[in-house]
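Colleague: Pasting in a structure now, in C-alpha cells, and then I'll have a few things to ask.
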Amino acid sequence: MSLNNTVACPLDCYDACEAIYKDDKCKPSSDHIITNGKLCVKFAHLLNEQNLQSAQYEKNDLSLEESLVLLKDKLEQTDPSKVLYYKGSGNLGIMQSAPKVFFDKYGATFTKGGLCDEIGAAGLEQGRGHLVNPPLQNLLNSDVIIVWGRNFSITSPHMYELVKDKTFITIDPIVTDIAKKSEIHLQITPKTDHELALLLTRFAYMDDMDDEESQEAYASGADWFFDLAKSRPLVSYEATIGVHLSQIVKMVDLIKNKKIAIMTGLGVQKYNEGSQIMRAVDSFAAYIGVHNKDAGGLWYLDDSTYGYENQFKINPKKRVAIPNVDFGSFDVVFIQGANPVVSAPNTQRIIDGLKNSFVVYFGTTYNDTCEYANLIIPSTPFLEKNDVRLSYGHEHKAISYKVKEAQENTICEYDFANHFLNAFNHEPLKPQAEIFEYYKNTQPSYSPIESFEFIEELEIDALYEQKKEDEFYLITSKQKNSLNSQFKIDNCAYVHPSSGYKDGDEVTLSTSYGQADFTMRINEDIKEECVLIHAGAKQGNYLTPHTSDEEAYSAIYQEVIVSIELS
C-alpha cells in the first residue's frame, strides 16, 4: 500500500477535485488549488454509493473468474465486428481507457461522436484549430465573467468559489443559481445564442470595442463576420431572442474596457447546428479580443489530454455514431461505466435494442442499464486503484492513489485489459506504474491560439419558426444534488406559471420521437414557453431524437418541440 494518500474525484464534472484519505475518511485537500479545502455534495454522494459486490450472470451471482471465462468464451464465438464497445463517463480517470486497447486489437466496433460536448468542441476547433482552455490564472485575473449556457456555481462549485466576488453576467433561458448572483441576466429564447452573438457584435462595433490589433495579429475573416452581424435590423432581434435592446446596451456598458472571461456550457450546443452556434459565440469573443491575453478568455470543456502522448492508442476499423447506434444489430454489447438506458437519446429504442443482444456491463455500481445486462462484471472502485484525473475545466490534475485494498471479486480496468490481451495472444500494456507516473509527472505547456478564422455564414433552422403557440421548447440542465443519471434524480417537468398548469399535475409530454409521463412543477425561474427536465431524469430521453448533429456525430437533445397534455 502506498504511503501517499491523495485521491481524485472521478466524477464527470469540470472541477476534478482532490481529497486526502485519512482515518478511513476523505477530507478536502487544502493544497490542491481547485479543491481549496472544500468538497462538494456530489463527492459526498459518491462516497455513499453501494458498489457491486459480485459478478452476475442472468441475475445470479458467480465468481469474478467465472465471469471472465464466460466473457472470453462469448468473444471467441462471436464475429468481432458484431461486438460493440460502448464506453461512458462514469469514471474519468486516465486508466479507464485501458480496455479500449484490447477491444481495438480484438476488432470490435467502437462508437464515434458523443452525448455531451462534442458538438461545441467541433465548432471551436473549426475556428481556432485546437480546444485548450486559457490558464486558470486568466480567469482569476478577469473583471467580468459572462456565463453563457452554463450554471457555473452548480456545475463548477470549486472554480466558482475562486472567483465568486467577480461581476457576473448570465445568458440562459433559465434563472439559474448563477443568474441570481449576476448583475445582468439575459433570458434568451432557446437556440438563439448565435443571434445574440451577432447582436452583441453589432453593439461592440458601435461602441468601438472591436479589437483590430488582435484581429490583424492572428485572425482572419473579421470583416465577413461583421457583415453577417449587420445583415438584419437591430430591432428584429428583440422578437426572436426575447431580450430587449436596453438589456444589450446595459451589458455592453458593463463589459467595455474590462477584462472579460466567457464561461460557455453545454446548453449552447445541444442542437443540430450546435457547432455553428458555438463558433458564432467564439467569433464574438474574438471580435472583442478576449483570446490570447493575460486575463480573460473563453472556456468550454477542453481537450484534457492535449499535450500528452496517448498511452492507450487505438485505431478501430469500424465506428458507429453514438446517438443512433442500434444495439440490437450487435451480437454482444460491452458497456463500460455508462448508463445508456437513461443517458442516451430515444430511450425506448435503446431498451428494444438491448433486449436483442447479449449485454455485458462493466462498472462499479448497479444502474438502470444493468436491468438489461446478461453479464455484469464489477470494476474496482476508485479508492482501491491508482489513477490520474485530468480536468476539462482547467489545467490542474488530481492524483488518486490506492488507499484501500481492492475487493476480492472486482477487477480494475488495467488488469481487465491485460487479462484479455493475454487470453487472445496480444502484447500486454506498458507497466501500470509507468503509465501512471507518465500522466502524474507530465506537465504540458499552455498553447495559445495561433490562428483564428471567424465564421462567415450561418445556416441554422430556427426552432421558433417551428413551434406552435401551445407547444414548448425542451430545456435540459443538471441538478445540484445529481450528476447525469447518478445520485438523486427527480421525474418532474418544470414550467412557468403562465403555462396554465398546476403544481403536482400529472402530465404526458410528447415529441415526434416518443412520449413519457411526468409530475408537473411550477417554477417562475423557467422561461415562458419552455419545459425543463433535469439531466438524468429516467423518462427524459423518451422524448429526444436518435439522430446526429451535422458535424460531430453527436446527440441533439434540445432539437425538439414538446406538447403537454394532462394525464
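Identifiers in this document derive from the order of the C-alpha cells: chains are assigned A, B, ..., residues are numbered from 1 separately in each chain, and ligands are numbered from 1 in order of occurrence.
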For segment 223-227 of chain A, please output as a short mmCIF file (atom, residue, chain, number, x, y, z; two decimals) with N, CA and C atoms, in the first residue's frame all residues within 7 Å (counting only C-alpha atoms; exclusion window: fewer than 2 positions along the same chain).
Modeller:
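Wrote it out as selection_14.cif, contents follow:
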```cif
data_model
loop_
_atom_site.label_atom_id
_atom_site.label_comp_id
_atom_site.auth_asym_id
_atom_site.auth_seq_id
_atom_site.Cartn_x
_atom_site.Cartn_y
_atom_site.Cartn_z
N GLY A 221 -11.04 36.99 -41.42
CA GLY A 221 -12.49 36.92 -41.68
C GLY A 221 -13.33 37.79 -40.79
N ALA A 229 -23.16 39.99 -39.07
CA ALA A 229 -23.81 40.56 -37.90
C ALA A 229 -24.75 41.71 -38.27
N LYS A 230 -24.40 42.47 -39.29
CA LYS A 230 -25.21 43.65 -39.64
C LYS A 230 -26.21 43.35 -40.77
N SER A 231 -26.44 42.08 -41.03
CA SER A 231 -27.29 41.71 -42.16
C SER A 231 -28.79 41.81 -41.88
N PHE A 454 -12.84 33.50 -38.31
CA PHE A 454 -14.21 33.85 -37.94
C PHE A 454 -15.20 33.07 -38.80
N ILE A 455 -16.34 32.75 -38.22
CA ILE A 455 -17.40 32.13 -39.01
C ILE A 455 -17.99 33.20 -39.93
N GLU A 456 -18.21 32.85 -41.18
CA GLU A 456 -18.62 33.83 -42.18
C GLU A 456 -20.04 33.63 -42.69
#
```
Colleague: Need to verify the contact set: Tyr106 of chain A, 12 Å, only C-alpha atoms, exclusion of same-chain residues closer than 6 positions in sequence. Can you return it as a PyMOL selection string?
Modeller: chain A and resi 72+75-76+78-85+99-100+314-318+417+420-427
Colleague: With N, CA and C atoms retained, write the just-selected residues as a compact mmCIF listing (two decimals), in the first residue's frame.
Modeller:
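Result file follows (selection14.txt):
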```txt
# COMPACT_ATOMS: atom_id res chain seq x y z
N LYS A 72 -14.83 -14.47 -22.16
CA LYS A 72 -13.85 -14.95 -23.14
C LYS A 72 -14.49 -15.92 -24.12
N LEU A 75 -16.74 -14.03 -26.56
CA LEU A 75 -15.99 -13.27 -27.56
C LEU A 75 -15.36 -14.20 -28.60
N GLU A 76 -14.90 -15.36 -28.17
CA GLU A 76 -14.31 -16.33 -29.11
C GLU A 76 -15.35 -16.85 -30.09
N THR A 78 -17.91 -15.15 -31.28
CA THR A 78 -18.59 -14.06 -31.96
C THR A 78 -17.69 -13.39 -32.98
N ASP A 79 -18.25 -13.03 -34.13
CA ASP A 79 -17.53 -12.23 -35.11
C ASP A 79 -17.18 -10.89 -34.46
N PRO A 80 -15.90 -10.51 -34.37
CA PRO A 80 -15.52 -9.28 -33.67
C PRO A 80 -16.27 -8.03 -34.13
N SER A 81 -16.59 -7.95 -35.42
CA SER A 81 -17.30 -6.77 -35.92
C SER A 81 -18.72 -6.69 -35.37
N LYS A 82 -19.21 -7.81 -34.83
CA LYS A 82 -20.56 -7.84 -34.25
C LYS A 82 -20.53 -7.63 -32.74
N VAL A 83 -19.36 -7.18 -32.24
CA VAL A 83 -19.22 -6.82 -30.83
C VAL A 83 -19.08 -5.30 -30.76
N LEU A 84 -19.93 -4.67 -29.96
CA LEU A 84 -19.88 -3.22 -29.80
C LEU A 84 -19.21 -2.88 -28.47
N TYR A 85 -18.20 -2.01 -28.53
CA TYR A 85 -17.58 -1.48 -27.32
C TYR A 85 -18.15 -0.09 -27.07
N PRO A 99 -9.21 -0.76 -21.32
CA PRO A 99 -9.94 -1.78 -22.07
C PRO A 99 -10.10 -1.47 -23.56
N LYS A 100 -10.00 -0.17 -23.92
CA LYS A 100 -10.10 0.18 -25.34
C LYS A 100 -9.04 -0.55 -26.15
N ILE A 314 -5.41 3.69 -29.99
CA ILE A 314 -6.26 2.73 -30.69
C ILE A 314 -6.52 3.24 -32.11
N ASN A 315 -6.91 2.33 -32.98
CA ASN A 315 -7.27 2.68 -34.35
C ASN A 315 -8.36 1.74 -34.83
N PRO A 316 -9.59 1.89 -34.33
CA PRO A 316 -10.67 0.95 -34.68
C PRO A 316 -10.96 0.93 -36.17
N LYS A 317 -11.25 -0.23 -36.68
CA LYS A 317 -11.57 -0.37 -38.09
C LYS A 317 -12.99 0.08 -38.40
N LYS A 318 -13.87 0.00 -37.42
CA LYS A 318 -15.27 0.35 -37.65
C LYS A 318 -15.82 1.14 -36.46
N ALA A 417 -7.93 -5.27 -19.05
CA ALA A 417 -7.37 -5.19 -20.40
C ALA A 417 -6.24 -6.19 -20.59
N PHE A 420 -7.37 -9.92 -20.94
CA PHE A 420 -7.92 -10.33 -22.24
C PHE A 420 -6.90 -10.18 -23.36
N LEU A 421 -5.97 -9.23 -23.25
CA LEU A 421 -4.88 -9.18 -24.22
C LEU A 421 -4.08 -10.48 -24.18
N ASN A 422 -3.82 -10.98 -22.99
CA ASN A 422 -3.11 -12.25 -22.84
C ASN A 422 -3.96 -13.41 -23.35
N ALA A 423 -5.25 -13.40 -23.01
CA ALA A 423 -6.12 -14.51 -23.40
C ALA A 423 -6.24 -14.63 -24.92
N PHE A 424 -6.12 -13.49 -25.64
CA PHE A 424 -6.25 -13.51 -27.10
C PHE A 424 -4.89 -13.31 -27.79
N ASN A 425 -3.79 -13.57 -27.02
CA ASN A 425 -2.44 -13.61 -27.57
C ASN A 425 -1.98 -12.28 -28.18
N HIS A 426 -2.30 -11.18 -27.51
CA HIS A 426 -1.82 -9.86 -27.92
C HIS A 426 -0.77 -9.37 -26.92
N GLU A 427 0.02 -8.41 -27.35
CA GLU A 427 1.03 -7.83 -26.46
C GLU A 427 0.35 -7.13 -25.28
```
Colleague: Find the distance between atom CA of Asn356 of chain A and atom CA of Lys488 of chain A and write it in Å to one decimal.
Modeller: 29.9 Å
Colleague: Report the distance between atom CA of Lys42 of chain A and atom CA of Leu11 of chain A in Å, rounded to one decimal place.
Modeller: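 Taking atom CA of Lys42 of chain A and atom CA of Leu11 of chain A, their separation equals 8.3 Å.
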Colleague: Sorted by chain and rising residue number, list the residues of segment 249-303 of chain A at most 12 Å from segment 543-557 of chain A (counting only C-alpha atoms), each with its closest atom pair and distance in Å to one decimal, as JSON lines.
Modeller:
```
{"residue": "A:Leu266", "atom": "CA", "partner": "A:Tyr557", "partner_atom": "CA", "distance": 10.6}
{"residue": "A:Gly267", "atom": "CA", "partner": "A:Tyr557", "partner_atom": "CA", "distance": 9.7}
{"residue": "A:Val268", "atom": "CA", "partner": "A:Ile556", "partner_atom": "CA", "distance": 11.0}
{"residue": "A:Gln269", "atom": "CA", "partner": "A:Ile556", "partner_atom": "CA", "distance": 8.0}
{"residue": "A:Lys270", "atom": "CA", "partner": "A:Ile556", "partner_atom": "CA", "distance": 4.8}
{"residue": "A:Tyr271", "atom": "CA", "partner": "A:Ile556", "partner_atom": "CA", "distance": 4.6}
{"residue": "A:Asn272", "atom": "CA", "partner": "A:Asp549", "partner_atom": "CA", "distance": 4.2}
{"residue": "A:Glu273", "atom": "CA", "partner": "A:Glu550", "partner_atom": "CA", "distance": 6.1}
{"residue": "A:Gly274", "atom": "CA", "partner": "A:Asp549", "partner_atom": "CA", "distance": 7.5}
{"residue": "A:Ser275", "atom": "CA", "partner": "A:Glu551", "partner_atom": "CA", "distance": 7.0}
{"residue": "A:Gln276", "atom": "CA", "partner": "A:Glu551", "partner_atom": "CA", "distance": 9.2}
{"residue": "A:Ile277", "atom": "CA", "partner": "A:Glu550", "partner_atom": "CA", "distance": 11.9}
```
Colleague: Within 10 Å of segment 435-437 of chain A, counting only C-alpha atoms, which residues qualify if same-chain residues fewer than 5 places away don't, as a CSV table (one decimal) with all heavy atoms, in the first residue's frame?
Modeller:
```csv
chain,number,residue,atom,x,y,z
A,94,ILE,N,-7.7,8.4,-16.1
A,94,ILE,CA,-7.0,8.1,-17.3
A,94,ILE,C,-7.0,6.5,-17.5
A,94,ILE,O,-7.1,6.0,-18.7
A,94,ILE,CB,-5.6,8.6,-17.3
A,94,ILE,CG1,-5.5,10.1,-17.6
A,94,ILE,CG2,-4.6,7.9,-18.2
A,94,ILE,CD1,-5.9,10.4,-19.1
A,95,MET,N,-6.8,5.8,-16.5
A,95,MET,CA,-6.7,4.3,-16.6
A,95,MET,C,-7.9,3.7,-17.1
A,95,MET,O,-7.9,2.5,-17.5
A,95,MET,CB,-6.3,3.7,-15.2
A,95,MET,CG,-4.9,4.1,-14.8
A,95,MET,SD,-3.6,3.3,-15.9
A,95,MET,CE,-2.1,3.9,-15.1
A,310,ASN,N,-0.7,9.9,-25.9
A,310,ASN,CA,-1.7,8.9,-25.5
A,310,ASN,C,-1.1,7.5,-25.2
A,310,ASN,O,-0.4,7.0,-26.1
A,310,ASN,CB,-2.8,8.7,-26.6
A,310,ASN,CG,-4.0,7.9,-26.2
A,310,ASN,OD1,-4.0,7.2,-25.2
A,310,ASN,ND2,-5.0,7.9,-27.0
A,311,GLN,N,-1.3,7.0,-24.0
A,311,GLN,CA,-0.7,5.8,-23.6
A,311,GLN,C,-1.6,4.6,-23.9
A,311,GLN,O,-1.2,3.4,-23.7
A,311,GLN,CB,-0.4,5.8,-22.1
A,311,GLN,CG,0.5,6.9,-21.7
A,311,GLN,CD,1.9,6.8,-22.3
A,311,GLN,OE1,2.7,5.8,-22.0
A,311,GLN,NE2,2.3,7.8,-23.1
A,312,PHE,N,-2.8,4.9,-24.5
A,312,PHE,CA,-3.7,3.8,-24.8
A,312,PHE,C,-4.2,4.0,-26.3
A,312,PHE,O,-5.4,4.2,-26.5
A,312,PHE,CB,-4.9,3.8,-23.9
A,312,PHE,CG,-4.5,3.5,-22.4
A,312,PHE,CD1,-4.7,4.6,-21.5
A,312,PHE,CD2,-4.0,2.3,-22.0
A,312,PHE,CE1,-4.3,4.3,-20.2
A,312,PHE,CE2,-3.7,2.1,-20.7
A,312,PHE,CZ,-3.8,3.1,-19.8
A,386,ASN,N,-4.8,3.0,-8.4
A,386,ASN,CA,-4.1,4.2,-8.8
A,386,ASN,C,-4.7,4.8,-10.1
A,386,ASN,O,-5.0,4.0,-11.0
A,386,ASN,CB,-2.6,4.0,-9.0
A,386,ASN,CG,-1.9,3.7,-7.7
A,386,ASN,OD1,-2.4,3.9,-6.6
A,386,ASN,ND2,-0.7,3.1,-7.8
A,387,ASP,N,-4.8,6.1,-10.1
A,387,ASP,CA,-5.3,6.7,-11.3
A,387,ASP,C,-4.9,8.2,-11.3
A,387,ASP,O,-4.5,8.8,-10.3
A,387,ASP,CB,-6.8,6.6,-11.5
A,387,ASP,CG,-7.2,6.4,-12.9
A,387,ASP,OD1,-6.5,7.0,-13.8
A,387,ASP,OD2,-8.3,5.8,-13.2
A,388,VAL,N,-5.1,8.9,-12.5
A,388,VAL,CA,-4.8,10.3,-12.6
A,388,VAL,C,-6.1,10.9,-13.2
A,388,VAL,O,-6.6,10.4,-14.3
A,388,VAL,CB,-3.6,10.6,-13.4
A,388,VAL,CG1,-3.4,12.1,-13.6
A,388,VAL,CG2,-2.4,10.0,-12.8
A,399,ILE,N,-4.4,13.6,-8.4
A,399,ILE,CA,-3.8,12.3,-8.3
A,399,ILE,C,-4.5,11.4,-7.4
A,399,ILE,O,-4.8,11.8,-6.2
A,399,ILE,CB,-2.3,12.4,-7.9
A,399,ILE,CG1,-1.6,13.5,-8.7
A,399,ILE,CG2,-1.6,11.1,-8.0
A,399,ILE,CD1,-1.6,13.2,-10.2
A,400,SER,N,-4.8,10.2,-7.8
A,400,SER,CA,-5.5,9.2,-7.0
A,400,SER,C,-4.6,8.0,-6.7
A,400,SER,O,-4.3,7.3,-7.6
A,400,SER,CB,-6.8,8.8,-7.7
A,400,SER,OG,-7.8,8.4,-6.8
A,401,TYR,N,-4.3,7.8,-5.4
A,401,TYR,CA,-3.6,6.6,-5.0
A,401,TYR,C,-4.5,5.5,-4.5
A,401,TYR,O,-5.6,5.8,-3.9
A,401,TYR,CB,-2.5,7.0,-4.0
A,401,TYR,CG,-1.4,7.8,-4.5
A,401,TYR,CD1,-1.4,9.2,-4.3
A,401,TYR,CD2,-0.3,7.2,-5.1
A,401,TYR,CE1,-0.3,10.0,-4.8
A,401,TYR,CE2,0.7,8.0,-5.6
A,401,TYR,CZ,0.7,9.4,-5.5
A,401,TYR,OH,1.7,10.2,-5.9
A,429,LEU,N,-0.1,-4.3,-22.1
A,429,LEU,CA,0.1,-2.9,-22.0
A,429,LEU,C,1.4,-2.6,-21.4
A,429,LEU,O,2.1,-3.5,-20.8
A,429,LEU,CB,-1.0,-2.3,-21.1
A,429,LEU,CG,-2.5,-2.5,-21.6
A,429,LEU,CD1,-3.4,-2.1,-20.5
A,429,LEU,CD2,-2.7,-1.6,-22.8
A,430,LYS,N,1.9,-1.4,-21.5
A,430,LYS,CA,3.0,-0.9,-20.7
A,430,LYS,C,2.8,-1.2,-19.2
A,430,LYS,O,1.6,-1.3,-18.8
A,430,LYS,CB,3.3,0.6,-20.9
A,430,LYS,CG,3.7,1.0,-22.3
A,430,LYS,CD,3.9,2.5,-22.3
A,430,LYS,CE,4.3,3.0,-23.7
A,430,LYS,NZ,4.4,4.5,-23.8
A,442,THR,N,3.9,14.5,-16.2
A,442,THR,CA,4.0,15.3,-17.4
A,442,THR,C,3.2,16.6,-17.2
A,442,THR,O,2.1,16.5,-16.7
A,442,THR,CB,3.4,14.5,-18.6
A,442,THR,OG1,4.2,13.3,-18.8
A,442,THR,CG2,3.5,15.3,-19.8
```
Colleague: Dump as JSON lines the rows for residues of segment 160-229 of chain A within 12 Å of segment 491-509 of chain A: closest atom pair and distance in Å with one decimal, only C-alpha atoms counted, ordered by chain and rising residue number.
Modeller:
```
{"residue": "A:Pro173", "atom": "CA", "partner": "A:His496", "partner_atom": "CA", "distance": 11.4}
{"residue": "A:Ile174", "atom": "CA", "partner": "A:His496", "partner_atom": "CA", "distance": 10.2}
{"residue": "A:Val175", "atom": "CA", "partner": "A:His496", "partner_atom": "CA", "distance": 11.1}
```
Colleague: Which neighbours of segment 293-305 of chain A fall inside 6 Å, counting only C-alpha atoms, when residues of the same chain fewer than 5 positions from it are skipped, and could you give them as a VMD selection string?
Modeller: chain A and resid 131 to 133 138 to 139 141 to 142 259 to 264 390 to 393
Colleague: Could you please take those selected residues and save N, CA, C and O atoms as a short mmCIF file (atom, residue, chain, number, x, y, z; two decimals), in the first residue's frame?
Modeller:
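In the end it all went to out_0.cif:
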```cif
data_model
loop_
_atom_site.label_atom_id
_atom_site.label_comp_id
_atom_site.auth_asym_id
_atom_site.auth_seq_id
_atom_site.Cartn_x
_atom_site.Cartn_y
_atom_site.Cartn_z
N LEU A 131 -8.62 22.75 -29.04
CA LEU A 131 -9.52 23.11 -27.95
C LEU A 131 -8.75 23.05 -26.63
O LEU A 131 -8.63 22.00 -26.00
N VAL A 132 -8.20 24.18 -26.24
CA VAL A 132 -7.46 24.28 -24.98
C VAL A 132 -7.96 25.52 -24.25
O VAL A 132 -7.94 26.62 -24.81
N ASN A 133 -8.42 25.35 -23.03
CA ASN A 133 -8.87 26.49 -22.25
C ASN A 133 -7.70 27.39 -21.87
O ASN A 133 -6.56 26.91 -21.73
N ASN A 138 -5.92 33.24 -15.85
CA ASN A 138 -6.65 34.20 -16.68
C ASN A 138 -8.05 34.46 -16.14
O ASN A 138 -8.55 35.58 -16.19
N LEU A 139 -8.67 33.41 -15.61
CA LEU A 139 -9.99 33.57 -15.01
C LEU A 139 -9.89 34.40 -13.74
O LEU A 139 -10.70 35.30 -13.50
N ASN A 141 -7.75 36.62 -13.12
CA ASN A 141 -7.38 37.99 -13.47
C ASN A 141 -8.50 38.77 -14.14
O ASN A 141 -8.34 39.97 -14.40
N SER A 142 -9.60 38.13 -14.44
CA SER A 142 -10.67 38.80 -15.18
C SER A 142 -11.46 39.75 -14.28
O SER A 142 -11.44 39.63 -13.04
N LYS A 259 -11.65 43.30 -18.47
CA LYS A 259 -11.05 42.01 -18.79
C LYS A 259 -12.15 40.95 -18.68
O LYS A 259 -12.67 40.71 -17.59
N ILE A 260 -12.48 40.32 -19.80
CA ILE A 260 -13.69 39.52 -19.89
C ILE A 260 -13.37 38.03 -20.01
O ILE A 260 -12.59 37.61 -20.86
N ALA A 261 -13.99 37.24 -19.14
CA ALA A 261 -13.95 35.78 -19.25
C ALA A 261 -15.34 35.31 -19.66
O ALA A 261 -16.34 35.80 -19.15
N ILE A 262 -15.39 34.37 -20.60
CA ILE A 262 -16.66 33.82 -21.06
C ILE A 262 -16.67 32.33 -20.75
O ILE A 262 -15.85 31.58 -21.29
N MET A 263 -17.55 31.91 -19.86
CA MET A 263 -17.67 30.50 -19.49
C MET A 263 -18.84 29.90 -20.25
O MET A 263 -20.00 30.12 -19.90
N THR A 264 -18.57 29.19 -21.33
CA THR A 264 -19.63 28.59 -22.13
C THR A 264 -19.92 27.18 -21.64
O THR A 264 -19.04 26.47 -21.16
N LEU A 390 -7.45 14.05 -15.13
CA LEU A 390 -7.21 15.30 -15.83
C LEU A 390 -8.52 16.06 -15.91
O LEU A 390 -9.59 15.45 -15.99
N SER A 391 -8.45 17.37 -15.92
CA SER A 391 -9.67 18.17 -15.93
C SER A 391 -9.94 18.76 -17.30
O SER A 391 -9.02 19.17 -18.00
N TYR A 392 -11.23 18.84 -17.67
CA TYR A 392 -11.59 19.56 -18.89
C TYR A 392 -12.05 20.99 -18.59
O TYR A 392 -12.49 21.71 -19.48
N GLY A 393 -11.93 21.41 -17.31
CA GLY A 393 -12.32 22.76 -16.94
C GLY A 393 -11.14 23.68 -16.67
O GLY A 393 -11.28 24.90 -16.71
#
```
Colleague: Please determine, counting only C-alpha atoms, which residue among A:Gly265, A:Pro345, A:Gly90, A:Pro190 has the shortest atom-to-atom distance to Asp12 of chain A.
Modeller: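 Of the candidates, the smallest distance to Asp12 of chain A is held by A:Gly90.
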Colleague: Just checking: using only C-alpha atoms, which residue out of A:Tyr438, A:Leu140, A:Gly536, A:Ile489 ends up closest to Glu309 of chain A?
Modeller: A:Tyr438
Colleague: If we count only C-alpha atoms and set the cut-off at 7 Å, which residues sit around Val560 of chain A, ignoring sequence neighbours fewer than 6 positions away in its own chain? Please answer as a list of chain:residue names.
Modeller: A:Tyr473, A:Leu474, A:Thr511, A:Thr544
Colleague: Among segment 176-294 of chain A, which ones does DSSP place in strand (DSSP E), written as a PDB file with N, CA, C and O atoms, in the first residue's frame?
Modeller:
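The result, written out as part.pdb:
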```
ATOM      1  N   ILE A 184     -26.459  41.070 -14.516  1.00  0.00           N
ATOM      2  CA  ILE A 184     -27.399  41.068 -15.644  1.00  0.00           C
ATOM      3  C   ILE A 184     -27.713  39.628 -16.002  1.00  0.00           C
ATOM      4  O   ILE A 184     -26.831  38.760 -15.981  1.00  0.00           O
ATOM      5  N   HIS A 185     -28.978  39.366 -16.333  1.00  0.00           N
ATOM      6  CA  HIS A 185     -29.375  38.052 -16.838  1.00  0.00           C
ATOM      7  C   HIS A 185     -30.158  38.250 -18.136  1.00  0.00           C
ATOM      8  O   HIS A 185     -31.221  38.864 -18.131  1.00  0.00           O
ATOM      9  N   LEU A 186     -29.614  37.745 -19.216  1.00  0.00           N
ATOM     10  CA  LEU A 186     -30.314  37.758 -20.498  1.00  0.00           C
ATOM     11  C   LEU A 186     -31.021  36.418 -20.654  1.00  0.00           C
ATOM     12  O   LEU A 186     -30.388  35.394 -20.918  1.00  0.00           O
ATOM     13  N   ALA A 219      -5.992  36.605 -36.615  1.00  0.00           N
ATOM     14  CA  ALA A 219      -7.324  36.206 -37.052  1.00  0.00           C
ATOM     15  C   ALA A 219      -7.588  36.617 -38.495  1.00  0.00           C
ATOM     16  O   ALA A 219      -6.960  37.532 -39.024  1.00  0.00           O
ATOM     17  N   SER A 220      -8.550  35.931 -39.111  1.00  0.00           N
ATOM     18  CA  SER A 220      -8.967  36.278 -40.469  1.00  0.00           C
ATOM     19  C   SER A 220     -10.483  36.160 -40.575  1.00  0.00           C
ATOM     20  O   SER A 220     -11.102  35.345 -39.890  1.00  0.00           O
ATOM     21  N   ILE A 260     -12.479  40.323 -19.798  1.00  0.00           N
ATOM     22  CA  ILE A 260     -13.692  39.517 -19.888  1.00  0.00           C
ATOM     23  C   ILE A 260     -13.368  38.033 -20.006  1.00  0.00           C
ATOM     24  O   ILE A 260     -12.593  37.613 -20.862  1.00  0.00           O
ATOM     25  N   ALA A 261     -13.986  37.244 -19.140  1.00  0.00           N
ATOM     26  CA  ALA A 261     -13.954  35.779 -19.251  1.00  0.00           C
ATOM     27  C   ALA A 261     -15.338  35.312 -19.664  1.00  0.00           C
ATOM     28  O   ALA A 261     -16.344  35.799 -19.146  1.00  0.00           O
ATOM     29  N   ILE A 262     -15.391  34.375 -20.603  1.00  0.00           N
ATOM     30  CA  ILE A 262     -16.662  33.820 -21.061  1.00  0.00           C
ATOM     31  C   ILE A 262     -16.665  32.331 -20.753  1.00  0.00           C
ATOM     32  O   ILE A 262     -15.854  31.575 -21.294  1.00  0.00           O
ATOM     33  N   MET A 263     -17.552  31.910 -19.857  1.00  0.00           N
ATOM     34  CA  MET A 263     -17.666  30.502 -19.487  1.00  0.00           C
ATOM     35  C   MET A 263     -18.839  29.903 -20.247  1.00  0.00           C
ATOM     36  O   MET A 263     -20.001  30.115 -19.901  1.00  0.00           O
ATOM     37  N   THR A 264     -18.567  29.193 -21.331  1.00  0.00           N
ATOM     38  CA  THR A 264     -19.632  28.592 -22.133  1.00  0.00           C
ATOM     39  C   THR A 264     -19.925  27.176 -21.639  1.00  0.00           C
ATOM     40  O   THR A 264     -19.039  26.470 -21.159  1.00  0.00           O
TER      41      THR A 264
END
```
Colleague: Measuring between only C-alpha atoms, which one of A:Ile533, A:Val101, A:Met251, A:Ile411 shows the shortest distance to Gln558 of chain A?
Modeller: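 Nearest candidate to Gln558 of chain A out of A:Ile533, A:Val101, A:Met251, A:Ile411: A:Ile533.
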Colleague: Give me, please, the distance in Å between atom CA of Asp210 of chain A and atom CA of Gly289 of chain A, quoted to one decimal.
Modeller: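 Separation between atom CA of Asp210 of chain A and atom CA of Gly289 of chain A: 7.0 Å.
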Colleague: What's around segment 369-376 of chain A at 6 Å? Count only C-alpha atoms, leave out sequence neighbours fewer than 2 positions away in its own chain, and write the answer as a PDB file with C-alpha atoms, in the first residue's frame.
Modeller:
```pdb
ATOM      1  CA  ALA A  55     -20.317 -10.656 -10.767  1.00  0.00           C
ATOM      2  CA  GLN A  56     -23.692 -11.789 -12.106  1.00  0.00           C
ATOM      3  CA  TYR A  57     -24.880 -13.926 -14.986  1.00  0.00           C
ATOM      4  CA  GLU A  58     -28.584 -13.825 -15.812  1.00  0.00           C
ATOM      5  CA  ASN A 339     -25.975   4.085 -18.419  1.00  0.00           C
ATOM      6  CA  VAL A 341     -30.920   3.402 -20.808  1.00  0.00           C
ATOM      7  CA  VAL A 359     -25.202  -7.315 -22.943  1.00  0.00           C
ATOM      8  CA  VAL A 360     -22.115  -7.119 -20.727  1.00  0.00           C
ATOM      9  CA  TYR A 361     -21.898  -4.349 -18.144  1.00  0.00           C
ATOM     10  CA  ASN A 367     -27.662   1.201 -12.702  1.00  0.00           C
TER      11      ASN A 367
END
```
Colleague: Using only C-alpha atoms, which residues sit within 7 Å of Cys412 of chain A once same-chain residues fewer than 2 positions away are excluded, as a list in words?
Modeller: Ser379, Thr380, Thr410, Tyr414, Asp415 and Phe416 of chain A
Colleague: When distances are computed from only C-alpha atoms, which of A:Ala398, A:Ala406, A:Val147, A:Ile33 shows the smallest separation from Lys180 of chain A?
Modeller: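 Nearest to Lys180 of chain A: A:Val147.
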